[in-house]
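Asker: Sharing a structure here in structure tokens format.
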Amino acid sequence: MRTFRIAPSILSANFACLGQEVTDVIAAGADIIHFDVMDNHYVPNLTIGPLVCEAIRPLTQAPIDVHLMVKPVDSLVPMFAKAGANLITFHPEGSEHVDRTLALIRDCGCKAGLVFNPATPLHHLDHVMDKLDMILIMSVNPGFGGQSFIPQALNKLREARRRIDAYREATGRDIWLEVDGGVKVDNIAEIAAAGADTFVAGSAIYGADDYAATIAAMRAELAK
Ligand code: DX5
Ligand code: ZN
């Protein structure tokens with residue numbers, strides 16, 4: 001039986017009552033809080049930083065998964081670690097030295113992950129698997145919630161799954177495979193079949209009237 005994790009993106013939450021939105025989604029059965037950081041430089045949008053991470057940290061025991069859509073990356077890593085992040089992921093395009101940034105994240109006590117945009121090839125994984133705890137495949141171009149799932153991401157998920165399985169066979173160590181963008185109740189089963197085990201969903205959960213029913217519907221699809 002595979003382990004699946006649901007990670008609501010607070011990008012689609014009501015920011016006027018963010019603390020309640022975090023508490024509600026965890027009470028509704030979510031496993032992880034996905035925290036989207038945008039800098040209006042690497043991506044054309046501006047969101048939230050370490051102060052907001054620090055503010056929500058006491059509200060939940062669930063891991064906070066910080067997705068850095070920023071350039072440069074390194075100066076923010078210690079700040080988010082101090083603010084209570086558990087996982088920090090970044091895009092290879094955002095860092096001059098990917099290996100160094102991955103090591104920095106772990107040195108700060110967090111799990112580390114690399115994020116792949118729809119057009120970013122997976123060869124960035126070739127020499128850093130030992131430093132990774134998670135691989136994040138973007139199924140939209142980063143910058144906004146509420147976009148449609150790009151079907152080509154399924155092929156990339158399959159390829160990432162092959163690499164992770166081969167690595168686990170060789171080393172005994174697992175790496176999580178997360179997907180981000182356009183994940184809904186009606187496509188989550190197909191995305192899981194392509195190899196994802198961790199599912200970011202923003203608008204599908206926060207746009208629904210009943211968070212618990214939506215997360216339960218996603219889990220029911222994953223159990224099929
Ligand atoms: C997009 C963000 C996503 C976004 C997903 O750049 O990284 O995490 O919030 O939102 P949905 O699930 O609505 O596509
Ligand atoms: Zn994200």
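Following the order of the structure tokens, first chain is A, next is B, and so on, with residues numbered from 1 inside each chain and ligands from 1 in the order they appear.
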Let me see if you get this right: every residue at most 7 Å from ligand 1, counting only C-alpha atoms and all ligand atoms, written as a list in words.
Answerer: Ser9, Ile10, Leu11, Ser12, His34, Asp36, His67, Val140, Asn141, Pro142, Gly143, Phe144, Gly145, Gly146, Gln147, Ser148, Asp180, Gly181, Gly182, Val183, Val200, Ala201, Gly202, Ser203 and Ala204 of chain A
Asker: Would you output that residue set with N, CA and C atoms, as a PDB file, in the first residue's frame?
Answerer:
```pdb
ATOM      1  N   SER A   9      -2.381  24.081  -0.758  1.00  0.00           N
ATOM      2  CA  SER A   9      -1.594  25.299  -0.931  1.00  0.00           C
ATOM      3  C   SER A   9      -2.367  26.474  -0.358  1.00  0.00           C
ATOM      4  N   ILE A  10      -1.769  27.147   0.622  1.00  0.00           N
ATOM      5  CA  ILE A  10      -2.465  28.283   1.235  1.00  0.00           C
ATOM      6  C   ILE A  10      -2.511  29.490   0.312  1.00  0.00           C
ATOM      7  N   LEU A  11      -1.885  29.378  -0.873  1.00  0.00           N
ATOM      8  CA  LEU A  11      -2.010  30.458  -1.862  1.00  0.00           C
ATOM      9  C   LEU A  11      -3.476  30.745  -2.172  1.00  0.00           C
ATOM     10  N   SER A  12      -4.313  29.714  -2.141  1.00  0.00           N
ATOM     11  CA  SER A  12      -5.737  29.902  -2.455  1.00  0.00           C
ATOM     12  C   SER A  12      -6.599  30.097  -1.205  1.00  0.00           C
ATOM     13  N   HIS A  34       1.312  23.489   2.252  1.00  0.00           N
ATOM     14  CA  HIS A  34       2.178  23.940   1.151  1.00  0.00           C
ATOM     15  C   HIS A  34       2.175  25.472   1.133  1.00  0.00           C
ATOM     16  N   ASP A  36       3.584  28.800  -0.629  1.00  0.00           N
ATOM     17  CA  ASP A  36       4.140  29.300  -1.897  1.00  0.00           C
ATOM     18  C   ASP A  36       4.751  30.687  -1.729  1.00  0.00           C
ATOM     19  N   HIS A  67       7.740  26.261  -0.753  1.00  0.00           N
ATOM     20  CA  HIS A  67       8.072  26.202  -2.182  1.00  0.00           C
ATOM     21  C   HIS A  67       8.589  27.580  -2.583  1.00  0.00           C
ATOM     22  N   VAL A 140       1.892  23.096 -13.758  1.00  0.00           N
ATOM     23  CA  VAL A 140       1.525  24.395 -14.356  1.00  0.00           C
ATOM     24  C   VAL A 140       2.816  25.216 -14.346  1.00  0.00           C
ATOM     25  N   ASN A 141       2.815  26.317 -15.069  1.00  0.00           N
ATOM     26  CA  ASN A 141       3.934  27.240 -14.929  1.00  0.00           C
ATOM     27  C   ASN A 141       3.753  28.022 -13.631  1.00  0.00           C
ATOM     28  N   PRO A 142       4.828  28.173 -12.851  1.00  0.00           N
ATOM     29  CA  PRO A 142       4.667  28.731 -11.507  1.00  0.00           C
ATOM     30  C   PRO A 142       4.285  30.209 -11.530  1.00  0.00           C
ATOM     31  N   GLY A 143       3.534  30.609 -10.536  1.00  0.00           N
ATOM     32  CA  GLY A 143       3.191  32.028 -10.389  1.00  0.00           C
ATOM     33  C   GLY A 143       1.766  32.287  -9.937  1.00  0.00           C
ATOM     34  N   PHE A 144       0.874  31.352 -10.236  1.00  0.00           N
ATOM     35  CA  PHE A 144      -0.535  31.585  -9.932  1.00  0.00           C
ATOM     36  C   PHE A 144      -1.248  30.285  -9.582  1.00  0.00           C
ATOM     37  N   GLY A 145      -2.213  30.392  -8.695  1.00  0.00           N
ATOM     38  CA  GLY A 145      -3.105  29.268  -8.450  1.00  0.00           C
ATOM     39  C   GLY A 145      -4.199  29.237  -9.509  1.00  0.00           C
ATOM     40  N   GLY A 146      -4.928  28.147  -9.535  1.00  0.00           N
ATOM     41  CA  GLY A 146      -6.119  28.060 -10.379  1.00  0.00           C
ATOM     42  C   GLY A 146      -5.879  27.803 -11.848  1.00  0.00           C
ATOM     43  N   GLN A 147      -4.672  27.399 -12.232  1.00  0.00           N
ATOM     44  CA  GLN A 147      -4.406  27.094 -13.643  1.00  0.00           C
ATOM     45  C   GLN A 147      -4.736  25.621 -13.935  1.00  0.00           C
ATOM     46  N   SER A 148      -4.795  25.297 -15.235  1.00  0.00           N
ATOM     47  CA  SER A 148      -5.133  23.925 -15.634  1.00  0.00           C
ATOM     48  C   SER A 148      -3.901  23.033 -15.659  1.00  0.00           C
ATOM     49  N   ASP A 180       2.467  19.661  -8.359  1.00  0.00           N
ATOM     50  CA  ASP A 180       1.919  20.966  -7.968  1.00  0.00           C
ATOM     51  C   ASP A 180       1.318  21.661  -9.184  1.00  0.00           C
ATOM     52  N   GLY A 181      -0.003  21.882  -9.133  1.00  0.00           N
ATOM     53  CA  GLY A 181      -0.669  22.673 -10.170  1.00  0.00           C
ATOM     54  C   GLY A 181      -1.802  21.940 -10.840  1.00  0.00           C
ATOM     55  N   GLY A 182      -3.007  22.446 -10.643  1.00  0.00           N
ATOM     56  CA  GLY A 182      -4.166  21.887 -11.343  1.00  0.00           C
ATOM     57  C   GLY A 182      -4.599  20.517 -10.863  1.00  0.00           C
ATOM     58  N   VAL A 183      -4.200  20.141  -9.655  1.00  0.00           N
ATOM     59  CA  VAL A 183      -4.617  18.837  -9.117  1.00  0.00           C
ATOM     60  C   VAL A 183      -6.035  18.959  -8.570  1.00  0.00           C
ATOM     61  N   VAL A 200      -0.048  18.608  -4.095  1.00  0.00           N
ATOM     62  CA  VAL A 200      -0.405  19.978  -3.740  1.00  0.00           C
ATOM     63  C   VAL A 200      -1.739  20.290  -4.411  1.00  0.00           C
ATOM     64  N   ALA A 201      -2.650  20.883  -3.669  1.00  0.00           N
ATOM     65  CA  ALA A 201      -3.910  21.324  -4.274  1.00  0.00           C
ATOM     66  C   ALA A 201      -4.318  22.621  -3.587  1.00  0.00           C
ATOM     67  N   GLY A 202      -4.404  23.680  -4.378  1.00  0.00           N
ATOM     68  CA  GLY A 202      -4.788  24.984  -3.840  1.00  0.00           C
ATOM     69  C   GLY A 202      -6.254  25.250  -4.066  1.00  0.00           C
ATOM     70  N   SER A 203      -6.589  25.633  -5.307  1.00  0.00           N
ATOM     71  CA  SER A 203      -7.975  26.022  -5.599  1.00  0.00           C
ATOM     72  C   SER A 203      -8.953  24.866  -5.413  1.00  0.00           C
ATOM     73  N   ALA A 204      -8.502  23.625  -5.658  1.00  0.00           N
ATOM     74  CA  ALA A 204      -9.432  22.488  -5.531  1.00  0.00           C
ATOM     75  C   ALA A 204      -9.922  22.320  -4.095  1.00  0.00           C
TER      76      ALA A 204
END
```
Asker: Just the residues within 8 Å of stretch 27-33 of chain A, please, counting only C-alpha atoms, with nothing from its chain fewer than 6 positions along; format it as a list in words.
Answerer: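 In the requested form, the answer reads Arg5, Ile6, Ala7, Pro8, Ser9, Ile10, Ala62, Pro63, Ile64, Asp65, Tyr211, Ala212, Ala213, Ile215 and Ala216 of chain A.
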Asker: Find the spatial neighbours of stretch 81-86 of chain A, counting only C-alpha atoms, within a cut-off of 12 Å - ignore same-chain residues fewer than 5 positions away - and output them as a ChimeraX atom specification.
Answerer: /A:32-36,49-68,74-76,104-113,133-134
Asker: Hey, can you spit out that residue selection with C-alpha atoms as an mmCIF file, in the first residue's frame?
Answerer:
```
data_model
loop_
_atom_site.group_PDB
_atom_site.id
_atom_site.type_symbol
_atom_site.label_atom_id
_atom_site.label_comp_id
_atom_site.auth_asym_id
_atom_site.auth_seq_id
_atom_site.Cartn_x
_atom_site.Cartn_y
_atom_site.Cartn_z
ATOM 1 C CA ILE A 32 1.092 19.016 4.896
ATOM 2 C CA ILE A 33 0.799 22.803 4.521
ATOM 3 C CA HIS A 34 2.178 23.940 1.151
ATOM 4 C CA PHE A 35 3.561 27.484 1.413
ATOM 5 C CA ASP A 36 4.140 29.300 -1.897
ATOM 6 C CA GLY A 49 7.656 35.368 3.454
ATOM 7 C CA PRO A 50 9.259 34.028 6.644
ATOM 8 C CA LEU A 51 7.199 36.248 8.967
ATOM 9 C CA VAL A 52 4.009 34.585 7.789
ATOM 10 C CA CYS A 53 5.586 31.143 8.137
ATOM 11 C CA GLU A 54 6.566 31.994 11.696
ATOM 12 C CA ALA A 55 3.022 33.182 12.425
ATOM 13 C CA ILE A 56 1.352 29.958 11.296
ATOM 14 C CA ARG A 57 4.002 27.624 12.761
ATOM 15 C CA PRO A 58 2.388 27.335 16.228
ATOM 16 C CA LEU A 59 -0.993 26.442 14.718
ATOM 17 C CA THR A 60 -0.122 22.940 13.521
ATOM 18 C CA GLN A 61 2.218 19.998 13.990
ATOM 19 C CA ALA A 62 1.905 19.214 10.276
ATOM 20 C CA PRO A 63 4.992 19.767 8.133
ATOM 21 C CA ILE A 64 5.252 23.149 6.410
ATOM 22 C CA ASP A 65 6.455 22.649 2.832
ATOM 23 C CA VAL A 66 8.000 25.911 1.622
ATOM 24 C CA HIS A 67 8.072 26.202 -2.182
ATOM 25 C CA LEU A 68 10.541 28.956 -3.054
ATOM 26 C CA ASP A 74 20.140 31.054 -0.535
ATOM 27 C CA SER A 75 19.546 34.074 1.702
ATOM 28 C CA LEU A 76 15.957 32.969 2.382
ATOM 29 C CA LEU A 104 22.502 24.566 2.895
ATOM 30 C CA ILE A 105 18.856 23.515 3.330
ATOM 31 C CA ARG A 106 19.879 20.322 5.105
ATOM 32 C CA ASP A 107 22.493 22.122 7.185
ATOM 33 C CA CYS A 108 19.664 24.355 8.384
ATOM 34 C CA GLY A 109 17.803 21.242 9.581
ATOM 35 C CA CYS A 110 15.170 20.996 6.825
ATOM 36 C CA LYS A 111 14.411 18.424 4.185
ATOM 37 C CA ALA A 112 15.449 19.562 0.710
ATOM 38 C CA GLY A 113 13.765 19.377 -2.666
ATOM 39 C CA ASP A 133 14.359 14.365 0.097
ATOM 40 C CA MET A 134 11.720 15.405 -2.422
#
```
Asker: Go through A:Val43, A:Val179, A:Val70, A:Leu154 one by one, measure the shortest atom-to-atom distance of each to ligand 2 using only C-alpha atoms and all ligand atoms, and give the residue with the smallest value.
Answerer: A:Val179
Asker: Between A:Ala166, A:Met218, A:Ala223, A:Ile205, which is the closest to A:Asn14 once you count only C-alpha atoms?
Answerer: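 Going through A:Ala166, A:Met218, A:Ala223, A:Ile205 one by one, the smallest distance to A:Asn14 is for A:Ile205.
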Asker: Using only C-alpha atoms and all ligand atoms for the distances, tell me which of A:Met79, A:Leu102, A:Ile137, A:Cys17 is nearest to ligand 2.
Answerer: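 Nearest candidate to ligand 2 out of A:Met79, A:Leu102, A:Ile137, A:Cys17: A:Ile137.
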